[in-house]
Amino acid sequence: MGVDAYSWPGSDDELVEVQYTLAADAEAALAAQPWTFDGQPAVGGCFVAFARGESGPGHRGDRAWAAAVSLRGRAIVAQSVAVQQVPAAYAPGLLARREGPILQAAVGDLRPGPDVLLVDATGLDHPRGAGLALHLGAILGVPTVGVTHRTLVASGAVPEHLRRGATAPVYVRDRCVGYWVCTKTAARAVVAHAGWRTSPETAAETVLAASSSRARTPLPLRHARRVARTTRASAGAG
């Protein structure tokens, strides 16, 4: 299956089929063309904000504001925003149907585009091994790393000592799929997920490098979240 075929399926059943294929193709893509953190790459981040007051899984047609930014070092070199009505409610393991299209629109408008993209979602840590972070990277043709506050199906203890730079692996069965990464001393670690063309080790390295010692969330995601919420507020939705 080529990257063009990794479109956003119109049904949950179709997405499940695509995810199984993506999981297998991701292994081949990583083996053939692994991305590594060298020099000072442009690190992107993307985030979706929904109208305030919504709770639970949401609904098809909910209004959403997505922002994408790209940073080189600490400087923002590009940012973009997309506004859409999402095509699906949230369902566990099927976040790609709800947020995939709007994130593709936002990231696709970044000029210049990022060398690697941080996504507020999982990658290999997924019931079928292909979370939104991995799926989005396959569609965009961009290496991706997922960043979340907790695991989805993976298991693994957080670092014993919460000092910046501490890591601990997380596993699905016996396979390492990411790392807990302590980005701020004395703060709970985040999970760095291997995504499209990134290994668990590269994911951890990227998340730490893209973070400051003053905040838990990596800078590209913090900036994207701020832009998305500011745009939402400007629309009178929160």
# chains A, B, ... in the order shown; residues from 1 in each chain; ligands from 1

$ select_by_dssp --residues "range 6-206 of chain A" --states "strand (DSSP E)" --output "number ranges by chain"
A: 42-50, 63-72, 75-85, 116-119, 144-148, 167-172, 175-181, 190-194

$ select_by_dssp --residues "range 80-120 of chain A" --states "alpha helix (DSSP H)" --output "list in words"
Leu95, Ala96, Arg97, Arg98, Glu99, Gly100, Pro101, Ile102, Leu103, Gln104, Ala105, Ala106, Val107 and Gly108 of chain A

$ closest_residue --among "A:Thr36, A:Ser11, A:Ser70, A:Gln104" --to "Ala138 in chain A" --atoms "only C-alpha atoms"
A:Gln104

$ atom_distance --atom1 "CA of Ile139 in chain A" --atom2 "CA of Gly100 in chain A"
9.5 Å

$ closest_residue --among "A:Gly73, A:Gly195, A:Pro159, A:Pro92" --to "Pro57 in chain A" --atoms "only C-alpha atoms"
A:Pro92

$ residues_around --residues "Arg60 in chain A" --least-positions-apart "4" --cutoff "10 Å" --atoms "only C-alpha atoms" --output "list in words"
Gln85, Val86, Pro87, Ala88, Ala89, Tyr90 and Arg98 of chain A

$ closest_residue --among "A:Arg74, A:His126, A:Arg188, A:Arg97" --to "Glu160 in chain A" --atoms "only C-alpha atoms"
A:Arg188

$ closest_residue --among "A:Ile76, A:Val147, A:Ala228, A:Val83" --to "Asp62 in chain A" --atoms "only C-alpha atoms"
A:Val83

$ residues_around --residues "Gly129 in chain A" --least-positions-apart "5" --cutoff "10 Å" --atoms "only C-alpha atoms" --output "list in words"
Gln19, Tyr20, Thr21, Leu22, Ala23, Ala24, Ala26, Gly93, Thr122, Gly123, Leu124, Leu134, Val153, Val172, Val177 and Gly195 of chain A

$ write_last_selection --atoms "N, CA and C atoms" --output "mmCIF file, in the first residue's frame"
data_model
loop_
_atom_site.group_PDB
_atom_site.id
_atom_site.type_symbol
_atom_site.label_atom_id
_atom_site.label_comp_id
_atom_site.auth_asym_id
_atom_site.auth_seq_id
_atom_site.Cartn_x
_atom_site.Cartn_y
_atom_site.Cartn_z
ATOM 1 N N GLN A 19 -5.284 0.440 9.744
ATOM 2 C CA GLN A 19 -4.328 0.440 10.850
ATOM 3 C C GLN A 19 -3.478 -0.826 10.869
ATOM 4 N N TYR A 20 -4.084 -1.967 10.584
ATOM 5 C CA TYR A 20 -3.293 -3.198 10.528
ATOM 6 C C TYR A 20 -2.233 -3.112 9.427
ATOM 7 N N THR A 21 -2.618 -2.579 8.279
ATOM 8 C CA THR A 21 -1.669 -2.431 7.173
ATOM 9 C C THR A 21 -0.572 -1.433 7.524
ATOM 10 N N LEU A 22 -0.969 -0.321 8.135
ATOM 11 C CA LEU A 22 -0.001 0.706 8.530
ATOM 12 C C LEU A 22 1.036 0.156 9.501
ATOM 13 N N ALA A 23 0.602 -0.648 10.450
ATOM 14 C CA ALA A 23 1.529 -1.186 11.441
ATOM 15 C C ALA A 23 2.627 -2.004 10.775
ATOM 16 N N ALA A 24 2.248 -2.807 9.789
ATOM 17 C CA ALA A 24 3.242 -3.608 9.074
ATOM 18 C C ALA A 24 4.140 -2.722 8.215
ATOM 19 N N ALA A 26 4.857 0.372 8.691
ATOM 20 C CA ALA A 26 5.705 1.227 9.518
ATOM 21 C C ALA A 26 7.019 0.534 9.852
ATOM 22 N N GLY A 93 -8.960 4.143 20.178
ATOM 23 C CA GLY A 93 -8.232 3.487 19.106
ATOM 24 C C GLY A 93 -8.570 3.986 17.722
ATOM 25 N N THR A 122 -0.814 8.704 20.231
ATOM 26 C CA THR A 122 0.127 7.590 20.307
ATOM 27 C C THR A 122 0.543 7.129 18.911
ATOM 28 N N GLY A 123 1.562 6.265 18.886
ATOM 29 C CA GLY A 123 2.030 5.692 17.634
ATOM 30 C C GLY A 123 1.904 4.182 17.659
ATOM 31 N N LEU A 124 2.998 3.499 18.038
ATOM 32 C CA LEU A 124 2.961 2.041 18.141
ATOM 33 C C LEU A 124 2.172 1.571 19.355
ATOM 34 N N LEU A 134 1.330 7.928 14.186
ATOM 35 C CA LEU A 134 1.937 7.163 13.099
ATOM 36 C C LEU A 134 1.176 7.376 11.787
ATOM 37 N N VAL A 153 -2.172 1.327 25.556
ATOM 38 C CA VAL A 153 -2.211 -0.101 25.887
ATOM 39 C C VAL A 153 -0.861 -0.593 26.416
ATOM 40 N N VAL A 172 4.516 -3.019 24.673
ATOM 41 C CA VAL A 172 3.316 -3.753 24.280
ATOM 42 C C VAL A 172 3.770 -5.190 24.082
ATOM 43 N N VAL A 177 7.836 0.224 22.728
ATOM 44 C CA VAL A 177 7.142 1.089 21.767
ATOM 45 C C VAL A 177 7.316 2.570 22.090
ATOM 46 N N GLY A 195 6.736 6.751 16.239
ATOM 47 C CA GLY A 195 5.696 6.976 15.240
ATOM 48 C C GLY A 195 6.165 6.552 13.867
#

$ residues_around --residues "range 110-120 of chain A" --least-positions-apart "2" --cutoff "6 Å" --atoms "only C-alpha atoms" --output "MDAnalysis selection string"
chainID A and resid 41:46 70 78:80 107:108 133 143:148

$ atom_distance --atom1 "CA of Leu15 in chain A" --atom2 "CA of His135 in chain A"
10.3 Å

$ residues_around --residues "Arg226 in chain A" --least-positions-apart "2" --cutoff "12 Å" --atoms "only C-alpha atoms" --output "PDB file with C-alpha atoms, in the first residue's frame"
ATOM      1  CA  GLY A  45       3.903  20.312  16.767  1.00  0.00           C
ATOM      2  CA  CYS A  46       0.160  20.116  16.164  1.00  0.00           C
ATOM      3  CA  PHE A  47      -2.879  20.326  18.414  1.00  0.00           C
ATOM      4  CA  VAL A  48      -6.681  20.331  18.080  1.00  0.00           C
ATOM      5  CA  ALA A  49      -8.976  22.436  20.282  1.00  0.00           C
ATOM      6  CA  TRP A  65      -9.551  24.514  15.560  1.00  0.00           C
ATOM      7  CA  ALA A  66      -6.196  22.933  14.732  1.00  0.00           C
ATOM      8  CA  ALA A  67      -2.842  24.665  14.842  1.00  0.00           C
ATOM      9  CA  ALA A  68       0.553  23.542  13.638  1.00  0.00           C
ATOM     10  CA  VAL A  69       3.883  25.207  14.325  1.00  0.00           C
ATOM     11  CA  GLN A  79       2.675  28.329  11.872  1.00  0.00           C
ATOM     12  CA  VAL A  81      -4.333  27.095  11.464  1.00  0.00           C
ATOM     13  CA  THR A 217       5.051  19.678  27.480  1.00  0.00           C
ATOM     14  CA  LEU A 219       7.682  23.553  23.148  1.00  0.00           C
ATOM     15  CA  PRO A 220       6.222  22.814  19.681  1.00  0.00           C
ATOM     16  CA  LEU A 221       3.126  21.259  21.248  1.00  0.00           C
ATOM     17  CA  ARG A 222       2.796  24.079  23.786  1.00  0.00           C
ATOM     18  CA  HIS A 223       2.904  26.685  21.023  1.00  0.00           C
ATOM     19  CA  ALA A 224       0.444  24.746  18.850  1.00  0.00           C
ATOM     20  CA  ALA A 228      -5.326  26.644  18.574  1.00  0.00           C
ATOM     21  CA  ARG A 229      -6.959  27.917  21.765  1.00  0.00           C
ATOM     22  CA  THR A 230      -6.379  31.560  20.858  1.00  0.00           C
ATOM     23  CA  THR A 231      -7.988  31.004  17.461  1.00  0.00           C
ATOM     24  CA  ARG A 232     -10.908  29.250  19.112  1.00  0.00           C
ATOM     25  CA  ALA A 233     -11.365  32.151  21.526  1.00  0.00           C
TER      26      ALA A 233
END

$ atom_distance --atom1 "CA of Asp38 in chain A" --atom2 "CA of Val170 in chain A"
24.1 Å

$ closest_residue --among "A:Ala28, A:Ala168, A:Ile102, A:Ala215" --to "Ala186 in chain A" --atoms "only C-alpha atoms"
A:Ala215
